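**Q** Dropping in target.txt, with compact mmCIF, C-alpha atoms.
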```txt
# COMPACT_ATOMS: atom_id res chain seq x y z
CA MET X 14 -56.16 -207.04 -11.63
CA SER X 15 -57.40 -205.97 -8.20
CA ASP X 16 -57.33 -202.33 -9.37
CA GLY X 17 -60.64 -202.93 -11.08
CA ARG X 18 -62.20 -203.53 -7.70
CA ALA X 19 -60.90 -200.40 -6.00
CA GLY X 20 -63.69 -198.74 -4.12
CA ARG X 21 -65.74 -201.91 -3.71
CA ARG X 22 -65.60 -203.61 -0.39
CA ARG X 23 -65.25 -207.34 -0.90
CA GLY X 24 -67.35 -208.23 2.12
CA ARG X 25 -70.30 -206.10 1.11
CA PRO X 26 -73.53 -207.96 0.36
CA ALA X 27 -75.29 -207.63 -3.00
CA SER X 28 -76.21 -203.97 -3.08
CA ALA X 29 -79.73 -202.68 -3.47
CA GLU X 30 -78.99 -200.72 -6.67
CA ARG X 31 -77.95 -203.91 -8.44
CA VAL X 32 -81.11 -205.77 -9.30
CA ALA X 33 -80.84 -209.52 -9.83
CA GLY X 34 -81.68 -210.37 -13.41
CA GLU X 35 -80.67 -206.92 -14.61
CA PRO X 36 -79.47 -207.33 -18.23
CA ASP X 37 -75.76 -207.13 -17.38
CA ALA X 38 -75.79 -209.34 -14.26
CA ARG X 39 -74.62 -212.36 -16.24
CA GLU X 40 -71.73 -210.37 -17.70
CA ARG X 41 -70.83 -208.95 -14.27
CA ILE X 42 -70.74 -212.47 -12.83
CA LEU X 43 -68.42 -213.66 -15.62
CA SER X 44 -66.15 -210.67 -15.16
CA SER X 45 -66.03 -211.22 -11.40
CA ALA X 46 -65.37 -214.93 -12.00
CA ARG X 47 -62.39 -214.16 -14.24
CA THR X 48 -60.96 -211.83 -11.57
CA GLU X 49 -61.56 -214.36 -8.81
CA PHE X 50 -60.00 -217.27 -10.77
CA ALA X 51 -57.06 -215.07 -11.78
CA GLU X 52 -56.39 -213.84 -8.24
CA ARG X 53 -57.04 -216.99 -6.23
CA GLY X 54 -56.73 -219.82 -8.74
CA TYR X 55 -59.36 -222.45 -9.40
CA ASP X 56 -58.92 -224.31 -6.10
CA LYS X 57 -59.39 -221.36 -3.80
CA ALA X 58 -61.97 -219.50 -5.87
CA SER X 59 -65.50 -219.60 -4.43
CA VAL X 60 -68.94 -218.97 -5.91
CA ARG X 61 -69.65 -216.79 -2.87
CA ALA X 62 -66.71 -214.48 -3.65
CA ILE X 63 -67.66 -214.40 -7.34
CA ALA X 64 -71.18 -213.31 -6.35
CA ARG X 65 -69.80 -210.65 -4.00
CA GLY X 66 -67.54 -209.25 -6.74
CA ALA X 67 -70.52 -209.08 -9.11
CA GLU X 68 -72.71 -207.58 -6.38
CA VAL X 69 -75.34 -210.27 -6.76
CA ASP X 70 -76.57 -213.09 -4.58
CA ALA X 71 -74.74 -216.44 -4.82
CA ALA X 72 -78.07 -218.04 -5.77
CA LEU X 73 -78.07 -215.98 -8.97
CA VAL X 74 -74.64 -217.33 -9.89
CA HIS X 75 -75.97 -220.86 -9.44
CA HIS X 76 -79.10 -219.95 -11.37
CA TYR X 77 -77.15 -218.69 -14.39
CA PHE X 78 -74.22 -221.09 -14.39
CA GLY X 79 -74.63 -223.97 -11.94
CA THR X 80 -71.52 -225.21 -10.10
CA LYS X 81 -68.10 -223.58 -9.72
CA GLU X 82 -66.89 -225.93 -12.46
CA GLN X 83 -69.60 -224.60 -14.78
CA VAL X 84 -68.83 -220.97 -13.92
CA PHE X 85 -65.20 -221.71 -14.79
CA THR X 86 -66.20 -223.32 -18.09
CA ALA X 87 -68.24 -220.24 -19.00
CA ALA X 88 -65.36 -217.94 -18.02
CA VAL X 89 -62.96 -219.99 -20.16
CA GLU X 90 -65.35 -219.89 -23.12
CA GLY X 91 -65.59 -216.12 -22.71
CA ALA X 92 -61.81 -215.73 -22.58
CA PHE X 93 -61.51 -217.80 -25.74
CA ALA X 94 -64.20 -215.91 -27.59
CA PRO X 95 -61.79 -213.45 -29.26
CA ALA X 96 -59.85 -216.42 -30.69
CA MET X 97 -62.95 -218.17 -32.01
CA GLY X 98 -62.71 -216.46 -35.39
CA LEU X 99 -59.42 -218.23 -36.11
CA PRO X 100 -60.61 -221.27 -38.06
CA ASP X 101 -62.84 -219.08 -40.23
CA LEU X 102 -59.94 -216.75 -40.85
CA LEU X 103 -57.99 -219.72 -42.17
CA LEU X 104 -60.65 -220.35 -44.78
CA SER X 105 -60.14 -216.91 -46.25
CA GLY X 106 -56.38 -217.06 -46.98
CA SER X 107 -54.27 -219.37 -49.10
CA ARG X 108 -52.60 -222.34 -47.42
CA GLU X 109 -49.12 -220.80 -47.55
CA GLU X 110 -50.28 -217.78 -45.56
CA TRP X 111 -51.87 -219.68 -42.66
CA GLY X 112 -48.81 -219.47 -40.41
CA GLU X 113 -48.48 -215.72 -40.59
CA GLN X 114 -52.25 -215.17 -40.43
CA LEU X 115 -52.64 -217.36 -37.37
CA VAL X 116 -49.70 -215.80 -35.55
CA GLY X 117 -50.81 -212.28 -36.47
CA TYR X 118 -54.28 -212.96 -35.15
CA ILE X 119 -53.04 -214.47 -31.87
CA VAL X 120 -50.44 -211.76 -31.26
CA ARG X 121 -53.16 -209.10 -31.63
CA ILE X 122 -55.21 -210.87 -28.96
CA TRP X 123 -52.16 -210.98 -26.67
CA GLU X 124 -51.11 -207.39 -27.15
CA ASN X 125 -54.43 -206.17 -25.78
CA ALA X 126 -54.41 -206.61 -21.98
CA LEU X 127 -58.22 -206.90 -22.00
CA THR X 128 -58.10 -210.07 -24.08
CA ARG X 129 -54.71 -211.31 -22.77
CA GLU X 130 -55.39 -211.30 -19.03
CA PRO X 131 -58.41 -213.66 -19.05
CA LEU X 132 -56.41 -216.13 -21.17
CA LEU X 133 -53.42 -216.01 -18.82
CA ALA X 134 -55.72 -216.41 -15.82
CA ILE X 135 -57.13 -219.58 -17.31
CA VAL X 136 -53.75 -221.04 -18.20
CA ARG X 137 -52.64 -220.36 -14.60
CA SER X 138 -55.65 -222.18 -13.19
CA ALA X 139 -55.20 -225.07 -15.61
CA MET X 140 -51.54 -225.39 -14.59
CA ASN X 141 -52.50 -225.79 -10.94
CA ASN X 142 -55.69 -227.80 -10.86
CA GLU X 143 -56.73 -231.02 -12.57
CA THR X 144 -60.39 -230.03 -13.01
CA ALA X 145 -59.40 -226.70 -14.54
CA ALA X 146 -56.92 -228.52 -16.79
CA ALA X 147 -59.65 -230.91 -17.99
CA ILE X 148 -61.99 -228.02 -18.84
CA PHE X 149 -59.20 -226.19 -20.65
CA ARG X 150 -58.23 -229.38 -22.52
CA ALA X 151 -61.79 -230.05 -23.66
CA LEU X 152 -62.27 -226.50 -24.86
CA VAL X 153 -58.93 -226.22 -26.70
CA THR X 154 -59.58 -229.58 -28.35
CA ARG X 155 -63.13 -228.78 -29.44
CA ARG X 156 -62.73 -225.14 -30.36
CA MET X 157 -59.20 -224.91 -31.69
CA VAL X 158 -57.47 -228.23 -32.43
CA ASN X 159 -60.39 -230.03 -34.08
CA ARG X 160 -61.51 -227.04 -36.12
CA VAL X 161 -58.08 -226.03 -37.43
CA ALA X 162 -57.15 -229.70 -38.00
CA ALA X 163 -60.30 -230.18 -40.11
CA LYS X 164 -59.10 -227.40 -42.41
CA LEU X 165 -55.61 -228.87 -42.63
CA ASP X 166 -57.03 -232.21 -43.68
CA VAL X 167 -53.88 -234.37 -43.28
CA PRO X 168 -53.52 -237.52 -41.11
CA ASP X 169 -51.34 -235.94 -38.42
CA ALA X 170 -53.26 -232.65 -38.44
CA LYS X 171 -54.14 -232.61 -34.73
CA LEU X 172 -50.57 -233.14 -33.66
CA ARG X 173 -49.42 -230.40 -36.03
CA VAL X 174 -51.94 -227.95 -34.59
CA GLU X 175 -50.96 -228.87 -31.02
CA LEU X 176 -47.26 -228.31 -31.64
CA ALA X 177 -48.09 -224.94 -33.20
CA ILE X 178 -50.21 -224.07 -30.15
CA ALA X 179 -47.29 -225.18 -27.94
CA GLN X 180 -45.02 -222.64 -29.65
CA MET X 181 -47.58 -219.90 -29.12
CA VAL X 182 -48.46 -220.77 -25.49
CA GLY X 183 -44.78 -221.03 -24.57
CA THR X 184 -44.01 -217.71 -26.24
CA ALA X 185 -46.88 -216.02 -24.36
CA MET X 186 -45.59 -217.37 -21.04
CA LEU X 187 -42.01 -216.25 -21.60
CA ARG X 188 -43.00 -212.86 -23.06
CA TYR X 189 -45.86 -211.77 -20.79
CA VAL X 190 -45.41 -213.72 -17.54
CA ILE X 191 -41.72 -214.58 -17.13
CA LYS X 192 -40.71 -211.52 -19.18
CA LEU X 193 -37.48 -212.91 -20.62
CA GLU X 194 -35.51 -210.29 -22.50
CA PRO X 195 -35.18 -209.53 -25.39
CA LEU X 196 -38.40 -211.47 -26.12
CA ALA X 197 -40.54 -209.40 -23.72
CA SER X 198 -39.69 -206.06 -25.39
CA MET X 199 -39.74 -207.27 -28.98
CA PRO X 200 -42.14 -205.29 -31.23
CA PRO X 201 -45.24 -207.40 -32.03
CA GLU X 202 -44.70 -207.10 -35.81
CA GLU X 203 -41.24 -208.61 -35.44
CA LEU X 204 -42.67 -211.41 -33.33
CA VAL X 205 -45.16 -212.22 -36.09
CA GLU X 206 -42.34 -212.24 -38.66
CA ARG X 207 -40.33 -214.65 -36.52
CA LEU X 208 -43.11 -217.04 -35.56
CA GLY X 209 -45.14 -217.04 -38.78
CA PRO X 210 -42.76 -219.37 -40.67
CA VAL X 211 -42.38 -221.66 -37.63
CA VAL X 212 -46.15 -222.11 -37.27
CA GLN X 213 -46.43 -222.51 -41.04
CA ARG X 214 -43.90 -225.32 -40.87
CA HIS X 215 -45.80 -227.01 -38.04
CA LEU X 216 -49.04 -226.86 -40.04
CA THR X 217 -47.99 -227.59 -43.60
CA GLY X 218 -44.20 -228.23 -43.62
CA MET P 28 -46.26 -235.68 -4.62
CA SER P 29 -47.71 -235.99 -1.14
CA ASP P 30 -47.07 -239.75 -1.27
CA GLY P 31 -43.49 -239.12 -0.27
CA ARG P 32 -44.77 -237.81 3.01
CA ALA P 33 -47.04 -240.72 3.85
CA GLY P 34 -46.56 -241.74 7.44
CA ARG P 35 -45.08 -238.45 8.51
CA ARG P 36 -47.31 -236.13 10.42
CA ARG P 37 -46.93 -232.62 9.08
CA GLY P 38 -47.44 -230.97 12.46
CA ARG P 39 -44.75 -232.98 14.18
CA PRO P 40 -41.74 -231.05 15.46
CA ALA P 41 -38.20 -231.91 14.34
CA SER P 42 -37.74 -235.45 15.58
CA ALA P 43 -34.97 -236.52 17.88
CA GLU P 44 -33.52 -239.09 15.44
CA ARG P 45 -32.92 -236.37 12.88
CA VAL P 46 -29.90 -234.42 14.05
CA ALA P 47 -29.51 -230.88 12.77
CA GLY P 48 -26.44 -230.58 10.58
CA GLU P 49 -26.56 -234.27 9.67
CA PRO P 50 -24.98 -234.60 6.19
CA ASP P 51 -28.29 -235.00 4.35
CA ALA P 52 -30.23 -232.27 6.21
CA ARG P 53 -29.54 -229.74 3.45
CA GLU P 54 -30.81 -232.17 0.81
CA ARG P 55 -33.88 -233.02 2.89
CA ILE P 56 -34.69 -229.31 3.21
CA LEU P 57 -34.40 -228.82 -0.56
CA SER P 58 -36.58 -231.84 -1.23
CA SER P 59 -39.19 -230.64 1.26
CA ALA P 60 -39.01 -227.14 -0.28
CA ARG P 61 -39.73 -228.54 -3.76
CA THR P 62 -42.74 -230.43 -2.41
CA GLU P 63 -44.00 -227.40 -0.49
CA PHE P 64 -43.60 -225.03 -3.46
CA ALA P 65 -45.24 -227.57 -5.79
CA GLU P 66 -48.21 -228.20 -3.49
CA ARG P 67 -48.89 -224.72 -2.17
CA GLY P 68 -47.22 -222.39 -4.68
CA TYR P 69 -44.65 -219.74 -3.87
CA ASP P 70 -47.08 -217.34 -2.16
CA LYS P 71 -48.49 -219.79 0.34
CA ALA P 72 -45.33 -221.82 0.96
CA SER P 73 -43.73 -221.19 4.36
CA VAL P 74 -40.26 -221.83 5.74
CA ARG P 75 -41.93 -223.37 8.79
CA ALA P 76 -43.72 -225.99 6.65
CA ILE P 77 -40.53 -226.67 4.68
CA ALA P 78 -38.72 -227.29 7.97
CA ARG P 79 -41.50 -229.59 9.18
CA GLY P 80 -41.37 -231.61 5.96
CA ALA P 81 -37.61 -231.99 6.34
CA GLU P 82 -37.94 -232.81 10.05
CA VAL P 83 -35.59 -230.03 11.07
CA ASP P 84 -35.97 -226.77 12.94
CA ALA P 85 -36.94 -223.68 10.92
CA ALA P 86 -33.75 -222.02 12.20
CA LEU P 87 -31.72 -224.62 10.32
CA VAL P 88 -33.50 -223.73 7.06
CA HIS P 89 -32.58 -220.08 7.65
CA HIS P 90 -29.06 -221.08 8.58
CA TYR P 91 -28.53 -223.01 5.34
CA PHE P 92 -30.50 -220.88 2.89
CA GLY P 93 -31.66 -217.58 4.40
CA THR P 94 -35.09 -216.25 3.38
CA LYS P 95 -37.95 -218.04 1.63
CA GLU P 96 -36.81 -216.34 -1.59
CA GLN P 97 -33.35 -217.84 -1.15
CA VAL P 98 -34.76 -221.31 -0.42
CA PHE P 99 -36.78 -221.01 -3.63
CA THR P 100 -33.70 -219.95 -5.60
CA ALA P 101 -31.79 -222.98 -4.31
CA ALA P 102 -34.74 -225.27 -5.15
CA VAL P 103 -34.90 -223.83 -8.68
CA GLU P 104 -31.16 -224.28 -9.16
CA GLY P 105 -31.53 -227.87 -8.02
CA ALA P 106 -34.42 -228.50 -10.42
CA PHE P 107 -32.35 -227.06 -13.26
CA ALA P 108 -29.25 -229.04 -12.43
CA PRO P 109 -30.07 -231.92 -14.82
CA ALA P 110 -30.32 -229.38 -17.68
CA MET P 111 -27.02 -227.70 -16.84
CA GLY P 112 -25.04 -229.98 -19.12
CA LEU P 113 -26.86 -228.62 -22.19
CA PRO P 114 -24.48 -225.89 -23.33
CA ASP P 115 -21.51 -228.24 -22.98
CA LEU P 116 -23.37 -230.87 -24.96
CA LEU P 117 -23.72 -228.32 -27.77
CA LEU P 118 -19.96 -227.97 -27.94
CA SER P 119 -19.57 -231.64 -28.70
CA GLY P 120 -21.80 -231.91 -31.81
CA SER P 121 -21.78 -230.17 -35.16
CA ARG P 122 -23.92 -227.05 -35.62
CA GLU P 123 -26.48 -228.85 -37.80
CA GLU P 124 -27.18 -231.37 -35.05
CA TRP P 125 -27.86 -228.89 -32.24
CA GLY P 126 -31.63 -228.90 -32.65
CA GLU P 127 -32.02 -232.63 -32.34
CA GLN P 128 -29.40 -232.90 -29.59
CA LEU P 129 -31.05 -230.19 -27.53
CA VAL P 130 -34.54 -231.59 -27.94
CA GLY P 131 -33.34 -235.15 -27.23
CA TYR P 132 -31.65 -234.00 -24.03
CA ILE P 133 -34.66 -232.02 -22.81
CA VAL P 134 -37.18 -234.76 -23.64
CA ARG P 135 -35.11 -237.24 -21.60
CA ILE P 136 -35.29 -234.88 -18.61
CA TRP P 137 -39.08 -234.59 -19.06
CA GLU P 138 -39.76 -238.27 -19.47
CA ASN P 139 -38.33 -238.98 -16.03
CA ALA P 140 -40.89 -237.87 -13.41
CA LEU P 141 -38.07 -237.33 -10.90
CA THR P 142 -36.53 -234.59 -13.03
CA ARG P 143 -39.79 -233.37 -14.60
CA GLU P 144 -41.84 -232.68 -11.47
CA PRO P 145 -39.45 -230.17 -9.86
CA LEU P 146 -39.30 -228.24 -13.16
CA LEU P 147 -43.10 -228.17 -13.49
CA ALA P 148 -43.43 -227.07 -9.85
CA ILE P 149 -41.15 -224.12 -10.53
CA VAL P 150 -42.92 -223.09 -13.71
CA ARG P 151 -46.21 -223.19 -11.78
CA SER P 152 -44.85 -220.96 -9.04
CA ALA P 153 -43.33 -218.57 -11.59
CA MET P 154 -46.67 -218.34 -13.41
CA ASN P 155 -48.42 -217.23 -10.23
CA ASN P 156 -46.00 -215.03 -8.36
CA GLU P 157 -43.85 -212.09 -9.46
CA THR P 158 -40.95 -212.89 -7.11
CA ALA P 159 -40.86 -216.49 -8.28
CA ALA P 160 -41.04 -215.27 -11.91
CA ALA P 161 -38.06 -212.96 -11.34
CA ILE P 162 -35.97 -215.77 -9.84
CA PHE P 163 -36.92 -218.10 -12.71
CA ARG P 164 -36.14 -215.36 -15.27
CA ALA P 165 -32.70 -214.64 -13.79
CA LEU P 166 -31.80 -218.31 -13.70
CA VAL P 167 -33.03 -219.15 -17.21
CA THR P 168 -31.20 -216.10 -18.56
CA ARG P 169 -27.92 -216.82 -16.79
CA ARG P 170 -27.84 -220.58 -17.07
CA MET P 171 -29.55 -221.28 -20.37
CA VAL P 172 -30.09 -218.29 -22.66
CA ASN P 173 -26.71 -216.61 -22.18
CA ARG P 174 -24.73 -219.83 -22.36
CA VAL P 175 -26.41 -221.28 -25.44
CA ALA P 176 -26.44 -217.85 -27.12
CA ALA P 177 -22.68 -217.52 -26.58
CA LYS P 178 -22.18 -220.74 -28.54
CA LEU P 179 -24.49 -219.59 -31.33
CA ASP P 180 -22.51 -216.40 -31.70
CA VAL P 181 -24.94 -214.43 -33.93
CA PRO P 182 -26.43 -210.97 -33.18
CA ASP P 183 -29.97 -212.20 -32.46
CA ALA P 184 -28.80 -215.30 -30.59
CA LYS P 185 -30.67 -214.63 -27.33
CA LEU P 186 -33.97 -214.17 -29.08
CA ARG P 187 -33.39 -217.36 -31.06
CA VAL P 188 -32.70 -219.33 -27.90
CA GLU P 189 -35.75 -217.87 -26.16
CA LEU P 190 -38.10 -218.79 -29.01
CA ALA P 191 -36.66 -222.32 -28.98
CA ILE P 192 -37.24 -222.49 -25.20
CA ALA P 193 -40.80 -221.22 -25.80
CA GLN P 194 -41.47 -224.18 -28.09
CA MET P 195 -40.15 -226.59 -25.49
CA VAL P 196 -41.88 -225.02 -22.45
CA GLY P 197 -45.21 -224.86 -24.33
CA THR P 198 -44.87 -228.46 -25.46
CA ALA P 199 -44.15 -229.59 -21.88
CA MET P 200 -47.25 -227.76 -20.62
CA LEU P 201 -49.58 -229.22 -23.23
CA ARG P 202 -48.11 -232.74 -22.99
CA TYR P 203 -47.62 -233.21 -19.25
CA VAL P 204 -50.01 -230.74 -17.58
CA ILE P 205 -52.94 -230.09 -19.94
CA LYS P 206 -52.50 -233.52 -21.54
CA LEU P 207 -53.80 -232.64 -25.00
CA GLU P 208 -54.16 -235.69 -27.22
CA PRO P 209 -52.50 -236.95 -29.38
CA LEU P 210 -49.49 -234.95 -28.05
CA ALA P 211 -49.70 -236.43 -24.53
CA SER P 212 -49.43 -240.05 -25.71
CA MET P 213 -46.87 -239.49 -28.44
CA PRO P 214 -43.73 -241.67 -28.09
CA PRO P 215 -40.77 -239.54 -26.94
CA GLU P 216 -38.63 -240.53 -29.96
CA GLU P 217 -41.30 -239.22 -32.31
CA LEU P 218 -41.50 -235.99 -30.33
CA VAL P 219 -37.74 -235.52 -30.75
CA GLU P 220 -38.07 -236.15 -34.50
CA ARG P 221 -40.82 -233.55 -34.77
CA LEU P 222 -39.27 -230.84 -32.62
CA GLY P 223 -35.61 -231.27 -33.55
CA PRO P 224 -35.91 -229.49 -36.92
CA VAL P 225 -38.07 -226.71 -35.41
CA VAL P 226 -35.54 -225.95 -32.69
CA GLN P 227 -32.74 -226.21 -35.27
CA ARG P 228 -34.51 -223.60 -37.35
CA HIS P 229 -34.91 -221.31 -34.35
CA LEU P 230 -31.22 -221.58 -33.55
CA THR P 231 -29.51 -221.56 -36.93
CA GLY P 232 -32.20 -221.20 -39.63
```
As structure tokens, how would this structure be written, given the file I've shared?

**A**
Amino acid sequence: MSDGRAGRRRGRPASAERVAGEPDARERILSSARTEFAERGYDKASVRAIARGAEVDAALVHHYFGTKEQVFTAAVEGAFAPAMGLPDLLLSGSREEWGEQLVGYIVRIWENALTREPLLAIVRSAMNNETAAAIFRALVTRRMVNRVAAKLDVPDAKLRVELAIAQMVGTAMLRYVIKLEPLASMPPEELVERLGPVVQRHLTG
Amino acid sequence: MSDGRAGRRRGRPASAERVAGEPDARERILSSARTEFAERGYDKASVRAIARGAEVDAALVHHYFGTKEQVFTAAVEGAFAPAMGLPDLLLSGSREEWGEQLVGYIVRIWENALTREPLLAIVRSAMNNETAAAIFRALVTRRMVNRVAAKLDVPDAKLRVELAIAQMVGTAMLRYVIKLEPLASMPPEELVERLGPVVQRHLTG
């Protein structure tokens, strides 16, 4: 992760070439926030360091996002953005295909380091800090559990969705972080074949 | 976790009442190590702080365990000890009951904070540090995956065990750390009923 910063000196103040309010300043702040939360965790991350990484003044971070908690929320929302199409995707297929569709969609997000790393960074922060866990919980509930459960439309829908998410989150941890073999080297298509029926069972079995 | 230390001053040197080599010194060091790794993570944990928490000299920690890496390995082995009976348990039941037996056994370990917290502490460290991840990986492979896979005795046994572990690890994270509802408040018996057939399918389906 720190590779992306090579050539920038962390202690350097907001540089003159970077003008506050420049169209991409908001995006640079979010990107710096994801790096900072990933490298130092929620507790140790600071708005000052996020500003430095984005080459803006800390006041601009506060202006755009507010507190550290709010910067984190925005970073989490950004990391989840690629997964936001999921509930809509479910509308398009027949009920018996949801498991494989869901798993296929999630595995594609994972297999791309650009979309995987921000998600892992957030899970790491949530594992280690109660505030980060609460933000993560609220977002997963609102954006994933409630929306997919609404489509399922059965009494225990939320629980079903959560147990399916548990299978996926656990698989991501063991495959990409702990790197248990043979799971870590398994081709993604085979992973989808294996997990599709399990998630299907959680949702509609 | 820090409650256990109430009344002890962290900066205090090994006290005179605590004699090095005393029968329980080794256990005190391990207990202090689990607290230190849980509170500060693998990276920031220090042998010096572990020694302070155990009220012994740092030299005694090195004498018993060696390096910080070796103290961590011993702490992980200790945290896994309650789960070590699993493969033997599998021998005792019929193949069709393995899923429910396994899940029942693991959920009992989780529901007791004394056995759950050391496991969560280790997963947290492994999520955030490559050395800790490698130690966790080696131990899970040797003590869980290989042993359960040997009993399954099918070509893709290791993968099956790992996907079952993924379901369980993910469920633990969402239930005890992220605290997603309704999963977090679900009675343990109901959790076993839900997950038993899923794990059974992973293993023998």

**Q** Which residue, X:Gln114, X:Thr128, X:Gln213, X:Thr184, has the smallest gap to chain P when you use all atoms listed in the file?

**A** X:Thr184

**Q** Would you write out, as CSV, a table of all residues in chain X that have an atom no more than 8 Å from an atom of chain P, listing for each the closest atom pair and the distance in Å to one decimal, considering all atoms listed in the file and ordering rows by chain and rising residue number?

**A**
```
residue,atom,partner,partner_atom,distance
X:Arg137,CA,P:Met154,CA,6.4
X:Ala139,CA,P:Ile205,CA,7.0
X:Met140,CA,P:Val204,CA,6.3
X:Asn141,CA,P:Arg151,CA,6.9
X:Ala146,CA,P:Ile205,CA,5.3
X:Ala147,CA,P:Ile205,CA,7.0
X:Phe149,CA,P:Ile205,CA,7.4
X:Arg150,CA,P:Ile205,CA,5.9
X:Thr154,CA,P:Leu207,CA,7.3
X:Lys171,CA,P:Pro209,CA,7.1
X:Leu172,CA,P:Leu210,CA,6.0
X:Glu175,CA,P:Leu210,CA,6.9
X:Leu176,CA,P:Thr198,CA,6.6
X:Ile178,CA,P:Gly197,CA,7.7
X:Ala179,CA,P:Gly197,CA,4.2
X:Gln180,CA,P:Gln194,CA,4.2
X:Met181,CA,P:Gly197,CA,7.3
X:Val182,CA,P:Gly197,CA,5.4
X:Gly183,CA,P:Gly197,CA,3.9
X:Thr184,CA,P:Ala193,CA,4.8
X:Met186,CA,P:Met154,CA,7.8
X:Leu187,CA,P:Ala193,CA,6.6
X:Val190,CA,P:Met154,CA,6.3
X:Ile191,CA,P:Ala160,CA,5.3
X:Lys192,CA,P:Arg164,CA,7.1
X:Leu193,CA,P:Arg164,CA,6.0
X:Glu194,CA,P:Leu186,CA,7.8
X:Pro195,CA,P:Leu186,CA,6.1
X:Leu196,CA,P:Leu186,CA,6.0
X:Val211,CA,P:Val225,CA,7.0
```

**Q** Which distance in Å separates CA of Ile136 in chain P and CA of Ser121 in chain P, to one decimal?

**A**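 Between CA of Ile136 in chain P and CA of Ser121 in chain P the gap is 21.9 Å.
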
**Q** Have a look at CA of Arg53 in chain P and CA of His89 in chain P and let me know their distance in Å, one decimal.

**A**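 Between these atoms lies a distance of 11.0 Å.
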
**Q** In Å, how far is it from CA of Asp51 in chain P to CA of Leu146 in chain P?

**A**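 Between these atoms lies a distance of 21.8 Å.
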
**Q** Give me the residues of range 92-207 of chain P that have any atom at most 9 Å from an atom of range 73-85 of chain P; for each, the nearest atom pair and the distance in Å, rounded to one decimal. Use all atoms listed in the file, sort by chain and number, and format it as CSV.

**A**
```
residue,atom,partner,partner_atom,distance
P:Thr94,CA,P:Val74,CA,8.0
P:Lys95,CA,P:Val74,CA,6.0
P:Val98,CA,P:Val74,CA,8.3
```

**Q** May I have the protein, DNA and RNA residues with any atom at most 9 Å from the point (-44.1, -219.9, -46.4), counting all atoms listed in the file, written as a ChimeraX atom specification?

**A** /X:108-113,209-210,213-214,218
